[in-house]
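**Q** input-v2.cif is reproduced in full below (mmCIF, C-alpha atoms).
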data_protein
loop_
_atom_site.group_PDB
_atom_site.id
_atom_site.type_symbol
_atom_site.label_atom_id
_atom_site.label_comp_id
_atom_site.auth_asym_id
_atom_site.auth_seq_id
_atom_site.Cartn_x
_atom_site.Cartn_y
_atom_site.Cartn_z
ATOM 1 C CA MET A 1 44.012 81.673 56.412
ATOM 2 C CA PRO A 2 44.257 84.155 53.498
ATOM 3 C CA SER A 3 44.749 81.268 51.067
ATOM 4 C CA LEU A 4 41.629 79.565 52.410
ATOM 5 C CA ALA A 5 39.638 82.753 51.999
ATOM 6 C CA VAL A 6 40.792 83.187 48.411
ATOM 7 C CA SER A 7 40.043 79.578 47.496
ATOM 8 C CA GLY A 8 36.618 79.905 49.084
ATOM 9 C CA HIS A 9 35.990 83.053 47.066
ATOM 10 C CA HIS A 10 36.867 81.284 43.818
ATOM 11 C CA ALA A 11 34.612 78.379 44.731
ATOM 12 C CA ASP A 12 31.681 80.739 45.281
ATOM 13 C CA SER A 13 32.297 82.605 42.042
ATOM 14 C CA ALA A 14 32.525 79.314 40.146
ATOM 15 C CA THR A 15 29.102 78.211 41.365
ATOM 16 C CA PRO A 16 26.768 78.162 38.343
ATOM 17 C CA ALA A 17 23.737 80.418 38.366
ATOM 18 C CA LYS A 18 20.415 78.846 39.270
ATOM 19 C CA VAL A 19 18.429 77.495 36.323
ATOM 20 C CA ILE A 20 15.172 79.432 36.153
ATOM 21 C CA GLN A 21 13.776 78.203 32.848
ATOM 22 C CA PRO A 22 14.758 74.696 31.658
ATOM 23 C CA ALA A 23 15.724 74.203 28.012
ATOM 24 C CA TRP A 24 12.440 72.574 26.977
ATOM 25 C CA VAL A 25 10.442 75.496 28.360
ATOM 26 C CA ARG A 26 12.577 78.038 26.517
ATOM 27 C CA VAL A 27 12.391 76.225 23.188
ATOM 28 C CA LEU A 28 8.637 75.684 23.378
ATOM 29 C CA HIS A 29 8.103 79.273 24.556
ATOM 30 C CA TRP A 30 9.784 80.835 21.523
ATOM 31 C CA ILE A 31 8.168 78.431 19.065
ATOM 32 C CA ASN A 32 4.822 79.258 20.646
ATOM 33 C CA ALA A 33 5.529 83.003 20.385
ATOM 34 C CA LEU A 34 6.294 82.697 16.659
ATOM 35 C CA ALA A 35 3.263 80.512 15.967
ATOM 36 C CA MET A 36 0.972 82.788 17.977
ATOM 37 C CA ILE A 37 2.078 85.928 16.129
ATOM 38 C CA MET A 38 1.536 84.174 12.799
ATOM 39 C CA MET A 39 -1.897 82.999 13.927
ATOM 40 C CA ILE A 40 -2.970 86.443 15.082
ATOM 41 C CA MET A 41 -1.770 88.348 12.017
ATOM 42 C CA SER A 42 -3.196 85.812 9.552
ATOM 43 C CA GLY A 43 -6.381 85.678 11.620
ATOM 44 C CA TRP A 44 -6.761 89.434 11.211
ATOM 45 C CA GLN A 45 -6.441 88.963 7.444
ATOM 46 C CA ILE A 46 -9.217 86.361 7.509
ATOM 47 C CA TYR A 47 -11.345 88.595 9.741
ATOM 48 C CA ASN A 48 -11.043 91.487 7.269
ATOM 49 C CA ALA A 49 -12.697 89.347 4.580
ATOM 50 C CA SER A 50 -15.840 89.067 6.725
ATOM 51 C CA PRO A 51 -15.727 91.465 9.710
ATOM 52 C CA LEU A 52 -17.732 90.706 12.823
ATOM 53 C CA PHE A 53 -17.711 94.324 13.943
ATOM 54 C CA ASN A 54 -17.652 97.753 12.340
ATOM 55 C CA PHE A 55 -13.882 97.849 11.856
ATOM 56 C CA THR A 56 -11.075 96.074 10.058
ATOM 57 C CA PHE A 57 -7.373 95.662 10.787
ATOM 58 C CA PRO A 58 -4.807 97.695 8.815
ATOM 59 C CA PRO A 59 -3.210 95.616 6.030
ATOM 60 C CA SER A 60 0.231 96.476 7.434
ATOM 61 C CA ILE A 61 -0.368 94.271 10.497
ATOM 62 C CA THR A 62 -2.035 91.351 8.701
ATOM 63 C CA LEU A 63 -0.403 88.300 7.136
ATOM 64 C CA GLY A 64 -1.292 86.639 3.848
ATOM 65 C CA GLY A 65 -2.177 89.570 1.589
ATOM 66 C CA TRP A 66 -5.687 88.281 0.863
ATOM 67 C CA LEU A 67 -8.196 85.745 2.184
ATOM 68 C CA ALA A 68 -6.646 82.617 0.641
ATOM 69 C CA GLY A 69 -3.164 83.702 1.675
ATOM 70 C CA GLY A 70 -4.351 84.406 5.199
ATOM 71 C CA LEU A 71 -5.963 80.963 5.396
ATOM 72 C CA LEU A 72 -2.766 79.237 4.247
ATOM 73 C CA TRP A 73 -0.685 81.029 6.877
ATOM 74 C CA HIS A 74 -3.349 80.412 9.520
ATOM 75 C CA PHE A 75 -3.526 76.664 8.910
ATOM 76 C CA ALA A 76 0.265 76.315 8.784
ATOM 77 C CA ALA A 77 0.644 78.180 12.079
ATOM 78 C CA MET A 78 -2.288 76.244 13.539
ATOM 79 C CA TRP A 79 -0.492 72.894 13.249
ATOM 80 C CA LEU A 80 2.701 74.347 14.668
ATOM 81 C CA LEU A 81 0.798 75.864 17.581
ATOM 82 C CA MET A 82 -1.240 72.736 18.280
ATOM 83 C CA VAL A 83 1.724 70.339 18.254
ATOM 84 C CA ASN A 84 3.899 72.715 20.261
ATOM 85 C CA GLY A 85 1.093 73.406 22.731
ATOM 86 C CA LEU A 86 0.329 69.715 23.164
ATOM 87 C CA VAL A 87 3.988 68.970 23.918
ATOM 88 C CA TYR A 88 4.030 71.843 26.412
ATOM 89 C CA LEU A 89 0.903 70.581 28.178
ATOM 90 C CA ILE A 90 2.180 67.007 28.378
ATOM 91 C CA LEU A 91 5.597 68.018 29.715
ATOM 92 C CA GLY A 92 4.018 70.550 32.056
ATOM 93 C CA PHE A 93 1.943 67.834 33.711
ATOM 94 C CA ILE A 94 4.564 65.060 33.594
ATOM 95 C CA THR A 95 7.335 67.187 35.127
ATOM 96 C CA GLY A 96 4.980 68.703 37.705
ATOM 97 C CA ARG A 97 5.824 72.207 36.486
ATOM 98 C CA PHE A 98 2.188 73.294 36.359
ATOM 99 C CA ARG A 99 1.570 72.131 39.910
ATOM 100 C CA ARG A 100 4.724 73.802 41.265
ATOM 101 C CA LYS A 101 4.422 77.033 39.303
ATOM 102 C CA LEU A 102 0.694 77.678 39.013
ATOM 103 C CA LEU A 103 -0.798 76.306 42.214
ATOM 104 C CA PRO A 104 -2.244 77.335 44.508
ATOM 105 C CA ILE A 105 -4.199 80.378 43.248
ATOM 106 C CA THR A 106 -6.187 82.130 45.974
ATOM 107 C CA PRO A 107 -8.491 85.174 45.666
ATOM 108 C CA GLY A 108 -6.702 86.868 48.560
ATOM 109 C CA GLY A 109 -3.303 86.324 46.989
ATOM 110 C CA VAL A 110 -4.483 87.651 43.621
ATOM 111 C CA ILE A 111 -6.014 90.775 45.188
ATOM 112 C CA SER A 112 -2.926 91.448 47.309
ATOM 113 C CA ASP A 113 -0.459 90.998 44.442
ATOM 114 C CA THR A 114 -2.634 93.025 42.065
ATOM 115 C CA LYS A 115 -2.562 95.957 44.502
ATOM 116 C CA ALA A 116 1.207 95.579 44.823
ATOM 117 C CA ALA A 117 1.591 95.484 41.032
ATOM 118 C CA LEU A 118 -0.510 98.610 40.511
ATOM 119 C CA THR A 119 1.610 100.493 43.038
ATOM 120 C CA PHE A 120 4.880 99.122 41.581
ATOM 121 C CA LYS A 121 5.658 97.320 44.847
ATOM 122 C CA LEU A 122 5.462 93.774 43.532
ATOM 123 C CA SER A 123 8.739 91.965 44.146
ATOM 124 C CA HIS A 124 10.524 90.085 41.345
ATOM 125 C CA ASP A 125 13.574 89.013 43.340
ATOM 126 C CA ASP A 126 12.985 85.281 42.915
ATOM 127 C CA LEU A 127 12.117 84.513 39.277
ATOM 128 C CA SER A 128 11.751 80.813 40.055
ATOM 129 C CA LYS A 129 8.478 81.542 41.847
ATOM 130 C CA TYR A 130 5.432 83.123 40.227
ATOM 131 C CA ASN A 131 3.392 85.673 42.131
ATOM 132 C CA TYR A 132 -0.374 85.279 42.226
ATOM 133 C CA VAL A 133 -0.945 87.660 39.311
ATOM 134 C CA GLN A 134 1.422 85.617 37.151
ATOM 135 C CA LYS A 135 -0.208 82.364 38.244
ATOM 136 C CA LEU A 136 -3.648 83.662 37.299
ATOM 137 C CA LEU A 137 -2.486 85.037 33.941
ATOM 138 C CA TYR A 138 -0.534 81.925 32.930
ATOM 139 C CA ALA A 139 -3.228 79.497 34.041
ATOM 140 C CA GLY A 140 -5.869 81.632 32.354
ATOM 141 C CA ILE A 141 -4.007 81.887 29.050
ATOM 142 C CA ILE A 142 -3.626 78.097 28.918
ATOM 143 C CA ILE A 143 -7.419 77.755 29.216
ATOM 144 C CA VAL A 144 -7.961 80.483 26.607
ATOM 145 C CA GLY A 145 -5.501 78.702 24.310
ATOM 146 C CA VAL A 146 -7.468 75.470 24.548
ATOM 147 C CA VAL A 147 -10.771 77.277 23.851
ATOM 148 C CA ILE A 148 -9.418 79.177 20.846
ATOM 149 C CA VAL A 149 -8.102 75.957 19.302
ATOM 150 C CA LEU A 150 -11.413 74.146 19.844
ATOM 151 C CA SER A 151 -13.484 77.065 18.518
ATOM 152 C CA GLY A 152 -11.161 77.304 15.520
ATOM 153 C CA LEU A 153 -11.575 73.602 14.774
ATOM 154 C CA SER A 154 -15.352 73.928 15.040
ATOM 155 C CA MET A 155 -15.275 76.671 12.382
ATOM 156 C CA TRP A 156 -12.796 74.833 10.161
ATOM 157 C CA LYS A 157 -14.802 71.591 10.059
ATOM 158 C CA PRO A 158 -18.377 72.548 11.080
ATOM 159 C CA VAL A 159 -19.876 69.478 9.358
ATOM 160 C CA GLN A 160 -17.357 66.821 10.339
ATOM 161 C CA LEU A 161 -17.059 68.244 13.855
ATOM 162 C CA TYR A 162 -20.736 69.152 14.170
ATOM 163 C CA TRP A 163 -20.777 68.119 17.829
ATOM 164 C CA LEU A 164 -17.977 70.574 18.577
ATOM 165 C CA SER A 165 -19.681 73.333 16.620
ATOM 166 C CA ALA A 166 -22.905 72.611 18.517
ATOM 167 C CA LEU A 167 -20.978 72.875 21.798
ATOM 168 C CA PHE A 168 -20.212 76.494 20.931
ATOM 169 C CA GLY A 169 -23.769 77.190 19.847
ATOM 170 C CA GLY A 170 -23.128 77.015 16.119
ATOM 171 C CA TYR A 171 -20.685 78.463 13.605
ATOM 172 C CA ASP A 172 -21.623 82.120 14.086
ATOM 173 C CA ILE A 173 -21.271 82.074 17.864
ATOM 174 C CA ALA A 174 -18.020 80.128 17.550
ATOM 175 C CA ARG A 175 -16.635 83.061 15.513
ATOM 176 C CA TYR A 176 -17.380 85.454 18.374
ATOM 177 C CA VAL A 177 -15.819 83.063 20.883
ATOM 178 C CA HIS A 178 -12.755 82.740 18.659
ATOM 179 C CA PHE A 179 -12.445 86.522 18.298
ATOM 180 C CA THR A 180 -12.846 87.069 22.047
ATOM 181 C CA CYS A 181 -10.115 84.536 22.801
ATOM 182 C CA MET A 182 -7.854 86.249 20.253
ATOM 183 C CA ALA A 183 -8.438 89.605 21.968
ATOM 184 C CA LEU A 184 -7.589 88.064 25.358
ATOM 185 C CA ILE A 185 -4.381 86.563 23.958
ATOM 186 C CA VAL A 186 -3.347 89.906 22.450
ATOM 187 C CA ALA A 187 -4.004 91.604 25.801
ATOM 188 C CA PHE A 188 -1.920 88.923 27.514
ATOM 189 C CA LEU A 189 0.935 89.435 25.045
ATOM 190 C CA VAL A 190 0.907 93.191 25.661
ATOM 191 C CA ILE A 191 1.104 92.656 29.440
ATOM 192 C CA HIS A 192 3.701 89.900 29.009
ATOM 193 C CA VAL A 193 5.983 92.084 26.869
ATOM 194 C CA ALA A 194 5.509 95.064 29.196
ATOM 195 C CA LEU A 195 6.583 92.968 32.183
ATOM 196 C CA ALA A 196 9.596 91.689 30.254
ATOM 197 C CA VAL A 197 10.620 95.306 29.608
ATOM 198 C CA LEU A 198 10.078 96.284 33.245
ATOM 199 C CA VAL A 199 11.901 93.189 34.546
ATOM 200 C CA PRO A 200 14.692 92.534 31.985
ATOM 201 C CA LYS A 201 16.158 89.636 33.967
ATOM 202 C CA SER A 202 12.987 87.633 33.266
ATOM 203 C CA LEU A 203 13.698 87.962 29.539
ATOM 204 C CA ARG A 204 17.309 86.938 30.056
ATOM 205 C CA ALA A 205 16.131 83.859 31.939
ATOM 206 C CA MET A 206 13.893 82.880 29.010
ATOM 207 C CA ILE A 207 16.877 83.187 26.650
ATOM 208 C CA SER A 208 19.745 81.744 28.679
ATOM 209 C CA GLY A 209 17.741 79.832 31.283
ATOM 210 C CA ARG A 210 19.578 81.469 34.193
#
So that I can check it, write out the structure of this file as structure tokens.

**A**
Amino acid sequence: MPSLAVSGHHADSATPAKVIQPAWVRVLHWINALAMIMMIMSGWQIYNASPLFNFTFPPSITLGGWLAGGLLWHFAAMWLLMVNGLVYLILGFITGRFRRKLLPITPGGVISDTKAALTFKLSHDDLSKYNYVQKLLYAGIIIVGVVIVLSGLSMWKPVQLYWLSALFGGYDIARYVHFTCMALIVAFLVIHVALAVLVPKSLRAMISGR
């Protein structure tokens, strides 16, 4: 009997940890993080050349050094972000990850989990399942990502893509839409990083997958 117990113990300890984040998600996540940071910082450099509001961003947090440099970084990061994002969307739908992870989203669930989060009672025991706050944030940021890309394209090629520019109400309004989406993404990143600090095992899962 003791030998059976010991062998059973070794079998349990040898069981591999559950995969939380598959390899393709982890790779695309970190590429997206790099591209997004480059886009934001270079975008701030471009914004400073022609501010929409009565403020500019400190040069220390911009990328490119001047307008032309900011544009070069922005366009380079844009292609990386678009290709990476397109691959993520395709794999997300093909593998059924979006359906499993992000649906359903109910108002009651969002309200309940928001209250739990604000009172630090929201459980993170099972990282394989998103709570309703996470579902709303992740689904929302995907939509914002699509809008910021489309508004950016409408500003980049306002003549060739006149129909897209018209969809946003013209070049000037597209700039405000683009800026608003950027602000939402920055807010998301702040919350995302804060949650990673509060729940370190979620960060480990995005690095090791388990």

**Q** Per residue of stretch 16-43 of chain A within 12 Å of stretch 163-181 of chain A, note the shortest atom pair and the distance in Å to one decimal, counting only C-alpha atoms, and order the rows by chain and increasing residue number, as CSV.

**A**
residue,atom,partner,partner_atom,distance
A:Met39,CA,A:His178,CA,11.8
A:Ile40,CA,A:Phe179,CA,10.0
A:Gly43,CA,A:Phe179,CA,9.1

**Q** Check what the PyMOL selection byres ((chain A and resi 137-141) around 10) selects in the file above and give those residues as a tab-separated table (two decimals) with C-alpha atoms, in the frame of the given file.

**A**
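New file expr_26.tsv:
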chain	number	residue	atom	x	y	z
A	98	PHE	CA	2.19	73.29	36.36
A	101	LYS	CA	4.42	77.03	39.30
A	102	LEU	CA	0.69	77.68	39.01
A	103	LEU	CA	-0.80	76.31	42.21
A	105	ILE	CA	-4.20	80.38	43.25
A	130	TYR	CA	5.43	83.12	40.23
A	132	TYR	CA	-0.37	85.28	42.23
A	133	VAL	CA	-0.94	87.66	39.31
A	134	GLN	CA	1.42	85.62	37.15
A	135	LYS	CA	-0.21	82.36	38.24
A	136	LEU	CA	-3.65	83.66	37.30
A	142	ILE	CA	-3.63	78.10	28.92
A	143	ILE	CA	-7.42	77.76	29.22
A	144	VAL	CA	-7.96	80.48	26.61
A	145	GLY	CA	-5.50	78.70	24.31
A	146	VAL	CA	-7.47	75.47	24.55
A	147	VAL	CA	-10.77	77.28	23.85
A	181	CYS	CA	-10.12	84.54	22.80
A	184	LEU	CA	-7.59	88.06	25.36
A	185	ILE	CA	-4.38	86.56	23.96
A	188	PHE	CA	-1.92	88.92	27.51
A	189	LEU	CA	0.94	89.44	25.04
A	191	ILE	CA	1.10	92.66	29.44
A	192	HIS	CA	3.70	89.90	29.01

**Q** Closest to A:Gly65 among A:Val25, A:Val186, A:Ile46, A:Val193, using all atoms listed in the file?

**A**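 Of the candidates, the smallest distance to A:Gly65 is held by A:Ile46.
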
**Q** Give the answer as one residue: which of A:Met38, A:Val87, A:Val27, A:Met206 has the shortest atom-to-atom distance to A:Leu72, using only C-alpha atoms?

**A**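 Nearest candidate to A:Leu72 out of A:Met38, A:Val87, A:Val27, A:Met206: A:Met38.
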
**Q** Rank A:Asp126, A:Ala196, A:Trp44, A:Arg97 by their smallest atom-to-atom distance to A:Thr56, using all atoms listed in the file, and report the top residue only.

**A**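 Using all atoms listed in the file, A:Thr56 sits closest to A:Trp44.
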
**Q** Find the residue from A:Leu91, A:Ala49, A:Leu118, A:Val190 that sits nearest to A:Pro22; use all atoms listed in the file when measuring.

**A**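 Answer, going by the shortest atom-to-atom distance: A:Leu91.
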
**Q** Any idea what the distance is between atom CA of A:Gly96 and atom CA of A:Val19?

**A** 16.1 Å

**Q** Could you jot down the atom CA of A:Leu198 to atom CA of A:Pro104 separation for me, Å, one decimal place?

**A**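 Spanning atom CA of A:Leu198 to atom CA of A:Pro104 is a straight-line distance of 25.3 Å.
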
**Q** Atom CA of A:Asn84 to atom CA of A:Trp30: how many Å, to one decimal?

**A**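 Going from atom CA of A:Asn84 over to atom CA of A:Trp30, I get 10.1 Å.
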
**Q** Using all atoms listed in the file, which of A:Leu52, A:Asn131, A:Ala77, A:Gly209 sits nearest A:Ala117?

**A**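 Closest candidate: A:Asn131.
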
**Q** Starting from the shown file, work through the PyMOL selection byres ((chain A and resi 41) around 10) and note down what comes out as a ChimeraX atom specification.

**A** /A:36-40,42-47,57,59-64,70,73-74

**Q** Of the residues A:Ala68, A:Ile90, A:Val149, A:Ala116, which is the one nearest to A:Met182, using only C-alpha atoms?

**A**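 Smallest separation from A:Met182 among the options: A:Val149.
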
**Q** Listed atoms of stretch 81-93 of chain A, axis-aligned box, 8 Å per side: centre and edge lengths to one decimal in Å, as JSON?

**A**
{"center_x": 2.2, "center_y": 71.4, "center_z": 25.6, "size_x": 22.8, "size_y": 24.9, "size_z": 32.1}

**Q** Show me that you can extract stretch 91-125 of chain A, keeping N, CA and C atoms, and write it as a PDB file, in the first residue's frame.

**A**
ATOM      1  N   LEU A  91      -7.358  33.768 -36.370  1.00  0.00           N
ATOM      2  CA  LEU A  91      -7.185  32.608 -35.497  1.00  0.00           C
ATOM      3  C   LEU A  91      -8.206  32.604 -34.356  1.00  0.00           C
ATOM      4  N   GLY A  92      -8.561  33.797 -33.891  1.00  0.00           N
ATOM      5  CA  GLY A  92      -9.548  33.886 -32.819  1.00  0.00           C
ATOM      6  C   GLY A  92     -10.902  33.333 -33.232  1.00  0.00           C
ATOM      7  N   PHE A  93     -11.277  33.597 -34.488  1.00  0.00           N
ATOM      8  CA  PHE A  93     -12.558  33.085 -34.991  1.00  0.00           C
ATOM      9  C   PHE A  93     -12.455  31.612 -35.381  1.00  0.00           C
ATOM     10  N   ILE A  94     -11.359  31.250 -36.066  1.00  0.00           N
ATOM     11  CA  ILE A  94     -11.215  29.864 -36.540  1.00  0.00           C
ATOM     12  C   ILE A  94     -11.148  28.878 -35.376  1.00  0.00           C
ATOM     13  N   THR A  95     -10.391  29.216 -34.348  1.00  0.00           N
ATOM     14  CA  THR A  95     -10.222  28.305 -33.202  1.00  0.00           C
ATOM     15  C   THR A  95     -11.400  28.348 -32.247  1.00  0.00           C
ATOM     16  N   GLY A  96     -12.289  29.337 -32.413  1.00  0.00           N
ATOM     17  CA  GLY A  96     -13.427  29.471 -31.510  1.00  0.00           C
ATOM     18  C   GLY A  96     -13.068  30.141 -30.198  1.00  0.00           C
ATOM     19  N   ARG A  97     -11.858  30.697 -30.120  1.00  0.00           N
ATOM     20  CA  ARG A  97     -11.412  31.326 -28.868  1.00  0.00           C
ATOM     21  C   ARG A  97     -12.305  32.504 -28.482  1.00  0.00           C
ATOM     22  N   PHE A  98     -12.655  33.335 -29.451  1.00  0.00           N
ATOM     23  CA  PHE A  98     -13.500  34.485 -29.157  1.00  0.00           C
ATOM     24  C   PHE A  98     -14.849  34.055 -28.584  1.00  0.00           C
ATOM     25  N   ARG A  99     -15.425  33.031 -29.193  1.00  0.00           N
ATOM     26  CA  ARG A  99     -16.731  32.558 -28.719  1.00  0.00           C
ATOM     27  C   ARG A  99     -16.632  32.000 -27.296  1.00  0.00           C
ATOM     28  N   ARG A 100     -15.585  31.203 -27.050  1.00  0.00           N
ATOM     29  CA  ARG A 100     -15.431  30.581 -25.723  1.00  0.00           C
ATOM     30  C   ARG A 100     -15.068  31.603 -24.649  1.00  0.00           C
ATOM     31  N   LYS A 101     -14.195  32.541 -25.004  1.00  0.00           N
ATOM     32  CA  LYS A 101     -13.649  33.454 -24.004  1.00  0.00           C
ATOM     33  C   LYS A 101     -14.502  34.698 -23.783  1.00  0.00           C
ATOM     34  N   LEU A 102     -15.107  35.213 -24.849  1.00  0.00           N
ATOM     35  CA  LEU A 102     -15.746  36.524 -24.764  1.00  0.00           C
ATOM     36  C   LEU A 102     -17.266  36.487 -24.708  1.00  0.00           C
ATOM     37  N   LEU A 103     -17.854  35.353 -24.942  1.00  0.00           N
ATOM     38  CA  LEU A 103     -19.316  35.266 -24.932  1.00  0.00           C
ATOM     39  C   LEU A 103     -19.787  34.279 -23.874  1.00  0.00           C
ATOM     40  N   PRO A 104     -20.942  34.512 -23.284  1.00  0.00           N
ATOM     41  CA  PRO A 104     -21.797  35.683 -23.490  1.00  0.00           C
ATOM     42  C   PRO A 104     -21.369  36.865 -22.610  1.00  0.00           C
ATOM     43  N   ILE A 105     -21.833  38.067 -22.954  1.00  0.00           N
ATOM     44  CA  ILE A 105     -21.639  39.260 -22.129  1.00  0.00           C
ATOM     45  C   ILE A 105     -23.021  39.792 -21.767  1.00  0.00           C
ATOM     46  N   THR A 106     -23.357  39.767 -20.498  1.00  0.00           N
ATOM     47  CA  THR A 106     -24.678  40.222 -20.057  1.00  0.00           C
ATOM     48  C   THR A 106     -24.552  41.451 -19.160  1.00  0.00           C
ATOM     49  N   PRO A 107     -25.503  42.376 -19.235  1.00  0.00           N
ATOM     50  CA  PRO A 107     -25.456  43.574 -18.374  1.00  0.00           C
ATOM     51  C   PRO A 107     -25.386  43.206 -16.893  1.00  0.00           C
ATOM     52  N   GLY A 108     -26.184  42.209 -16.494  1.00  0.00           N
ATOM     53  CA  GLY A 108     -26.182  41.801 -15.093  1.00  0.00           C
ATOM     54  C   GLY A 108     -24.831  41.274 -14.648  1.00  0.00           C
ATOM     55  N   GLY A 109     -24.216  40.466 -15.510  1.00  0.00           N
ATOM     56  CA  GLY A 109     -22.896  39.926 -15.191  1.00  0.00           C
ATOM     57  C   GLY A 109     -21.850  41.011 -15.090  1.00  0.00           C
ATOM     58  N   VAL A 110     -21.901  41.991 -15.990  1.00  0.00           N
ATOM     59  CA  VAL A 110     -20.941  43.098 -15.973  1.00  0.00           C
ATOM     60  C   VAL A 110     -21.098  43.924 -14.705  1.00  0.00           C
ATOM     61  N   ILE A 111     -22.344  44.238 -14.343  1.00  0.00           N
ATOM     62  CA  ILE A 111     -22.602  45.034 -13.135  1.00  0.00           C
ATOM     63  C   ILE A 111     -22.130  44.289 -11.890  1.00  0.00           C
ATOM     64  N   SER A 112     -22.452  43.003 -11.810  1.00  0.00           N
ATOM     65  CA  SER A 112     -22.074  42.201 -10.648  1.00  0.00           C
ATOM     66  C   SER A 112     -20.559  42.098 -10.500  1.00  0.00           C
ATOM     67  N   ASP A 113     -19.859  41.809 -11.609  1.00  0.00           N
ATOM     68  CA  ASP A 113     -18.411  41.661 -11.545  1.00  0.00           C
ATOM     69  C   ASP A 113     -17.706  42.995 -11.347  1.00  0.00           C
ATOM     70  N   THR A 114     -18.308  44.074 -11.838  1.00  0.00           N
ATOM     71  CA  THR A 114     -17.726  45.405 -11.607  1.00  0.00           C
ATOM     72  C   THR A 114     -17.772  45.753 -10.125  1.00  0.00           C
ATOM     73  N   LYS A 115     -18.915  45.465  -9.473  1.00  0.00           N
ATOM     74  CA  LYS A 115     -19.028  45.699  -8.034  1.00  0.00           C
ATOM     75  C   LYS A 115     -18.009  44.859  -7.268  1.00  0.00           C
ATOM     76  N   ALA A 116     -17.847  43.612  -7.683  1.00  0.00           N
ATOM     77  CA  ALA A 116     -16.885  42.726  -7.024  1.00  0.00           C
ATOM     78  C   ALA A 116     -15.459  43.237  -7.217  1.00  0.00           C
ATOM     79  N   ALA A 117     -15.169  43.761  -8.416  1.00  0.00           N
ATOM     80  CA  ALA A 117     -13.827  44.272  -8.695  1.00  0.00           C
ATOM     81  C   ALA A 117     -13.522  45.513  -7.864  1.00  0.00           C
ATOM     82  N   LEU A 118     -14.502  46.390  -7.732  1.00  0.00           N
ATOM     83  CA  LEU A 118     -14.302  47.631  -6.976  1.00  0.00           C
ATOM     84  C   LEU A 118     -14.135  47.377  -5.481  1.00  0.00           C
ATOM     85  N   THR A 119     -14.644  46.256  -5.019  1.00  0.00           N
ATOM     86  CA  THR A 119     -14.510  45.908  -3.598  1.00  0.00           C
ATOM     87  C   THR A 119     -13.426  44.839  -3.375  1.00  0.00           C
ATOM     88  N   PHE A 120     -12.640  44.594  -4.432  1.00  0.00           N
ATOM     89  CA  PHE A 120     -11.525  43.632  -4.377  1.00  0.00           C
ATOM     90  C   PHE A 120     -11.996  42.221  -3.992  1.00  0.00           C
ATOM     91  N   LYS A 121     -13.192  41.863  -4.447  1.00  0.00           N
ATOM     92  CA  LYS A 121     -13.741  40.539  -4.164  1.00  0.00           C
ATOM     93  C   LYS A 121     -13.886  39.689  -5.425  1.00  0.00           C
ATOM     94  N   LEU A 122     -13.327  40.180  -6.525  1.00  0.00           N
ATOM     95  CA  LEU A 122     -13.454  39.457  -7.782  1.00  0.00           C
ATOM     96  C   LEU A 122     -12.440  38.317  -7.822  1.00  0.00           C
ATOM     97  N   SER A 123     -12.935  37.107  -8.018  1.00  0.00           N
ATOM     98  CA  SER A 123     -12.077  35.929  -7.989  1.00  0.00           C
ATOM     99  C   SER A 123     -11.269  35.783  -9.280  1.00  0.00           C
ATOM    100  N   HIS A 124     -10.001  35.357  -9.115  1.00  0.00           N
ATOM    101  CA  HIS A 124      -9.134  35.077 -10.266  1.00  0.00           C
ATOM    102  C   HIS A 124      -8.546  33.678 -10.143  1.00  0.00           C
ATOM    103  N   ASP A 125      -9.317  32.774  -9.537  1.00  0.00           N
ATOM    104  CA  ASP A 125      -8.815  31.416  -9.305  1.00  0.00           C
ATOM    105  C   ASP A 125      -8.613  30.652 -10.605  1.00  0.00           C
TER     106      ASP A 125
END
